[in-house]
Amino acid sequence: MRPAIRAATPDDMPALVALDKVCFGLMTWSTVAWMTEFERLSEDRVILVADEGGAVGYVVLLVPSVVEDPVDLLRIAVGPAERRTGIGGQLMTAALQRCSGRTVLLEVAAGNESAGALYRGYGFEEISRRRGYYAGGEDAVIMQWREKAS
Ligand SMILES: CC(C)(COP(=O)(O)OP(=O)(O)OC[C@H]1O[C@@H](n2cnc3c(N)ncnc32)[C@H](O)[C@@H]1OP(=O)(O)O)[C@@H](O)C(=O)NCCC(=O)NCCS
């Protein structure tokens, strides 16, 4: 069964907090940080959930109201047991559909091969690096997506 991709509601917060812990470990967002994300749903955040009778993945976007300003893809994750089944791609497709005509930026650890491959596969290109940005000295790669003219 392929999960449905839908907009998050406040009821999703506990499940996303739990899934985020599993997916990001020490880099998890705190409950307070997630509360801020959900509070901003009415302002500039879009949170999409991959729902398979429960949340199995999510993507968080910062979508400024000024359309010339780039969208930031803040986070995307899929539960470990569901990876490599296309859910990350489903989330990315749905996220980029919402970014039609805009530029999307994201930041990824240079060694995060699964995320890097996902992003490149969806047309993101490296535009710069922050050397030694992460604890442990790993580079952060800044990637950009622009809708291809049809
Ligand atoms: C990155 C992540 C969201 C991918 O989700 P996913 O559901 O496994 O992705 P998909 O199954 O849709 O894969 C889509 C494509 O991404 C690439 N990809 C995904 N995982 C990969 C891996 N482990 N190795 C190489 N390529 C990979 C492949 O090109 C894949 O296409 P393919 O399966 O046809 O080869 C998932 O690995 C994850 O949650 N990682 C932990 C959280 C994280 O690091 N998030 C990004 C930083 S915010």
# chains A, B, ... in the order shown; residues from 1 in each chain; ligands from 1
$ residues_near_ligand --ligand "ligand 1" --cutoff "8 Å" --atoms "only C-alpha atoms and all ligand atoms" --output "short mmCIF file (atom, residue, chain, number, x, y, z; two decimals) with N, CA and C atoms, in the first residue's frame"
data_model
loop_
_atom_site.label_atom_id
_atom_site.label_comp_id
_atom_site.auth_asym_id
_atom_site.auth_seq_id
_atom_site.Cartn_x
_atom_site.Cartn_y
_atom_site.Cartn_z
N CYS A 23 14.36 9.19 13.50
CA CYS A 23 15.07 9.48 12.25
C CYS A 23 16.33 10.31 12.45
N PHE A 24 16.35 11.16 13.47
CA PHE A 24 17.47 12.11 13.60
C PHE A 24 18.30 11.95 14.86
N GLY A 57 6.30 9.21 7.39
CA GLY A 57 7.27 10.17 6.85
C GLY A 57 6.68 11.55 6.87
N LEU A 73 13.52 23.97 2.26
CA LEU A 73 13.10 22.61 2.67
C LEU A 73 13.86 22.31 3.95
N LEU A 74 13.15 22.36 5.07
CA LEU A 74 13.82 22.30 6.38
C LEU A 74 14.13 20.88 6.82
N ARG A 75 13.28 19.94 6.41
CA ARG A 75 13.42 18.59 6.93
C ARG A 75 12.60 17.63 6.10
N ILE A 76 13.16 16.46 5.85
CA ILE A 76 12.39 15.38 5.23
C ILE A 76 12.88 14.08 5.84
N ALA A 77 11.98 13.22 6.17
CA ALA A 77 12.40 11.95 6.76
C ALA A 77 11.32 10.90 6.56
N VAL A 78 11.80 9.66 6.53
CA VAL A 78 10.93 8.48 6.41
C VAL A 78 11.39 7.50 7.48
N GLY A 79 10.46 6.86 8.14
CA GLY A 79 10.81 5.89 9.17
C GLY A 79 11.75 4.82 8.62
N PRO A 80 12.74 4.38 9.44
CA PRO A 80 13.76 3.45 8.94
C PRO A 80 13.18 2.21 8.26
N GLU A 82 10.57 1.86 6.57
CA GLU A 82 9.84 2.12 5.30
C GLU A 82 10.73 2.71 4.21
N ARG A 83 12.02 2.87 4.51
CA ARG A 83 12.90 3.53 3.51
C ARG A 83 13.11 2.67 2.27
N ARG A 84 13.48 3.32 1.21
CA ARG A 84 13.75 2.71 -0.10
C ARG A 84 12.50 2.06 -0.69
N THR A 85 11.34 2.57 -0.34
CA THR A 85 10.10 2.07 -0.95
C THR A 85 9.40 3.18 -1.72
N GLY A 86 10.07 4.32 -1.86
CA GLY A 86 9.50 5.39 -2.68
C GLY A 86 8.79 6.49 -1.91
N ILE A 87 8.74 6.37 -0.57
CA ILE A 87 7.97 7.36 0.20
C ILE A 87 8.66 8.73 0.22
N GLY A 88 9.98 8.72 0.36
CA GLY A 88 10.72 9.99 0.29
C GLY A 88 10.45 10.68 -1.04
N GLY A 89 10.43 9.91 -2.09
CA GLY A 89 10.14 10.47 -3.42
C GLY A 89 8.72 11.01 -3.50
N GLN A 90 7.78 10.28 -2.91
CA GLN A 90 6.38 10.76 -2.90
C GLN A 90 6.29 12.10 -2.17
N LEU A 91 6.98 12.18 -1.03
CA LEU A 91 6.96 13.43 -0.25
C LEU A 91 7.60 14.56 -1.04
N GLU A 107 19.78 22.36 2.90
CA GLU A 107 21.14 22.13 3.39
C GLU A 107 21.23 20.67 3.81
N VAL A 108 22.30 20.01 3.42
CA VAL A 108 22.42 18.59 3.75
C VAL A 108 23.88 18.31 4.12
N ALA A 109 24.08 17.41 5.08
CA ALA A 109 25.44 17.02 5.44
C ALA A 109 26.07 16.30 4.26
N ASN A 112 25.65 12.58 3.94
CA ASN A 112 24.30 11.99 3.97
C ASN A 112 23.95 11.53 2.55
N GLU A 113 24.42 10.31 2.23
CA GLU A 113 24.32 9.85 0.84
C GLU A 113 22.89 9.59 0.40
N SER A 114 22.07 9.05 1.31
CA SER A 114 20.69 8.76 0.90
C SER A 114 19.95 10.06 0.58
N ALA A 115 20.08 11.06 1.46
CA ALA A 115 19.39 12.32 1.21
C ALA A 115 19.97 13.01 -0.03
N GLY A 116 21.30 13.01 -0.14
CA GLY A 116 21.93 13.65 -1.31
C GLY A 116 21.44 13.02 -2.61
N ALA A 117 21.35 11.69 -2.62
CA ALA A 117 20.89 11.01 -3.84
C ALA A 117 19.43 11.35 -4.13
N LEU A 118 18.62 11.40 -3.07
CA LEU A 118 17.21 11.78 -3.26
C LEU A 118 17.13 13.18 -3.88
N TYR A 119 17.87 14.11 -3.30
CA TYR A 119 17.79 15.50 -3.77
C TYR A 119 18.28 15.64 -5.21
N ARG A 120 19.40 15.02 -5.51
CA ARG A 120 19.92 15.11 -6.89
C ARG A 120 18.92 14.51 -7.87
N GLY A 121 18.30 13.42 -7.45
CA GLY A 121 17.32 12.75 -8.31
C GLY A 121 16.13 13.63 -8.62
#
$ select_by_dssp --residues "range 2-146 of chain A" --states "alpha helix (DSSP H)" --output "PyMOL selection string"
chain A and resi 13-24+31-39+87-97+113-121
$ write_last_selection --atoms "N, CA and C atoms" --output "short mmCIF file (atom, residue, chain, number, x, y, z; two decimals), in the first residue's frame"
data_model
loop_
_atom_site.label_atom_id
_atom_site.label_comp_id
_atom_site.auth_asym_id
_atom_site.auth_seq_id
_atom_site.Cartn_x
_atom_site.Cartn_y
_atom_site.Cartn_z
N MET A 13 1.16 16.15 15.66
CA MET A 13 2.42 16.54 16.29
C MET A 13 3.07 15.42 17.12
N PRO A 14 2.35 14.72 17.99
CA PRO A 14 3.03 13.68 18.79
C PRO A 14 3.70 12.62 17.91
N ALA A 15 3.01 12.22 16.85
CA ALA A 15 3.59 11.18 15.98
C ALA A 15 4.84 11.70 15.27
N LEU A 16 4.81 12.97 14.86
CA LEU A 16 5.99 13.51 14.16
C LEU A 16 7.16 13.72 15.12
N VAL A 17 6.86 14.14 16.35
CA VAL A 17 7.93 14.28 17.36
C VAL A 17 8.61 12.92 17.55
N ALA A 18 7.80 11.85 17.66
CA ALA A 18 8.35 10.51 17.89
C ALA A 18 9.15 10.03 16.67
N LEU A 19 8.59 10.24 15.48
CA LEU A 19 9.27 9.80 14.26
C LEU A 19 10.58 10.57 14.05
N ASP A 20 10.56 11.85 14.36
CA ASP A 20 11.76 12.68 14.23
C ASP A 20 12.89 12.17 15.12
N LYS A 21 12.53 11.75 16.33
CA LYS A 21 13.55 11.20 17.26
C LYS A 21 14.20 9.97 16.64
N VAL A 22 13.36 9.10 16.09
CA VAL A 22 13.88 7.87 15.49
C VAL A 22 14.76 8.19 14.29
N CYS A 23 14.36 9.19 13.50
CA CYS A 23 15.07 9.48 12.25
C CYS A 23 16.33 10.31 12.45
N PHE A 24 16.35 11.16 13.47
CA PHE A 24 17.47 12.11 13.60
C PHE A 24 18.30 11.95 14.86
N THR A 31 10.45 19.02 21.27
CA THR A 31 8.99 19.20 21.21
C THR A 31 8.65 20.69 21.06
N VAL A 32 9.41 21.55 21.74
CA VAL A 32 9.15 22.99 21.63
C VAL A 32 9.39 23.47 20.20
N ALA A 33 10.45 22.98 19.59
CA ALA A 33 10.72 23.36 18.19
C ALA A 33 9.57 22.89 17.29
N TRP A 34 9.09 21.68 17.51
CA TRP A 34 7.96 21.19 16.71
C TRP A 34 6.70 22.02 16.96
N MET A 35 6.50 22.44 18.21
CA MET A 35 5.34 23.28 18.50
C MET A 35 5.40 24.56 17.69
N THR A 36 6.61 25.12 17.59
CA THR A 36 6.76 26.35 16.80
C THR A 36 6.42 26.09 15.34
N GLU A 37 6.90 24.95 14.82
CA GLU A 37 6.58 24.61 13.42
C GLU A 37 5.07 24.54 13.22
N PHE A 38 4.38 23.86 14.13
CA PHE A 38 2.93 23.71 13.98
C PHE A 38 2.21 25.05 14.16
N GLU A 39 2.70 25.88 15.08
CA GLU A 39 2.07 27.20 15.26
C GLU A 39 2.18 28.03 13.99
N ILE A 87 8.74 6.37 -0.57
CA ILE A 87 7.97 7.36 0.20
C ILE A 87 8.66 8.73 0.22
N GLY A 88 9.98 8.72 0.36
CA GLY A 88 10.72 9.99 0.29
C GLY A 88 10.45 10.68 -1.04
N GLY A 89 10.43 9.91 -2.09
CA GLY A 89 10.14 10.47 -3.42
C GLY A 89 8.72 11.01 -3.50
N GLN A 90 7.78 10.28 -2.91
CA GLN A 90 6.38 10.76 -2.90
C GLN A 90 6.29 12.10 -2.17
N LEU A 91 6.98 12.18 -1.03
CA LEU A 91 6.96 13.43 -0.25
C LEU A 91 7.60 14.56 -1.04
N MET A 92 8.72 14.25 -1.70
CA MET A 92 9.42 15.28 -2.46
C MET A 92 8.57 15.76 -3.64
N THR A 93 7.92 14.83 -4.33
CA THR A 93 7.05 15.22 -5.44
C THR A 93 5.96 16.17 -4.95
N ALA A 94 5.32 15.80 -3.84
CA ALA A 94 4.23 16.63 -3.32
C ALA A 94 4.75 17.99 -2.86
N ALA A 95 5.95 17.99 -2.25
CA ALA A 95 6.52 19.26 -1.77
C ALA A 95 6.83 20.18 -2.96
N LEU A 96 7.45 19.62 -3.99
CA LEU A 96 7.87 20.45 -5.12
C LEU A 96 6.65 20.94 -5.92
N GLN A 97 5.57 20.15 -5.92
CA GLN A 97 4.35 20.62 -6.58
C GLN A 97 3.87 21.92 -5.94
N GLU A 113 24.42 10.31 2.23
CA GLU A 113 24.32 9.85 0.84
C GLU A 113 22.89 9.59 0.40
N SER A 114 22.07 9.05 1.31
CA SER A 114 20.69 8.76 0.90
C SER A 114 19.95 10.06 0.58
N ALA A 115 20.08 11.06 1.46
CA ALA A 115 19.39 12.32 1.21
C ALA A 115 19.97 13.01 -0.03
N GLY A 116 21.30 13.01 -0.14
CA GLY A 116 21.93 13.65 -1.31
C GLY A 116 21.44 13.02 -2.61
N ALA A 117 21.35 11.69 -2.62
CA ALA A 117 20.89 11.01 -3.84
C ALA A 117 19.43 11.35 -4.13
N LEU A 118 18.62 11.40 -3.07
CA LEU A 118 17.21 11.78 -3.26
C LEU A 118 17.13 13.18 -3.88
N TYR A 119 17.87 14.11 -3.30
CA TYR A 119 17.79 15.50 -3.77
C TYR A 119 18.28 15.64 -5.21
N ARG A 120 19.40 15.02 -5.51
CA ARG A 120 19.92 15.11 -6.89
C ARG A 120 18.92 14.51 -7.87
N GLY A 121 18.30 13.42 -7.45
CA GLY A 121 17.32 12.75 -8.31
C GLY A 121 16.13 13.63 -8.62
#
$ residues_around --residues "Lys148 in chain A" --least-positions-apart "4" --cutoff "10 Å" --atoms "only C-alpha atoms" --output "list in words"
Ser100, Gly101 and Gly123 of chain A
$ closest_residue --among "A:Arg98, A:Arg6, A:Arg130, A:Arg146" --to "Leu48 in chain A" --atoms "only C-alpha atoms"
A:Arg6
$ atom_distance --atom1 "CA of Val56 in chain A" --atom2 "CA of Gly136 in chain A"
29.3 Å
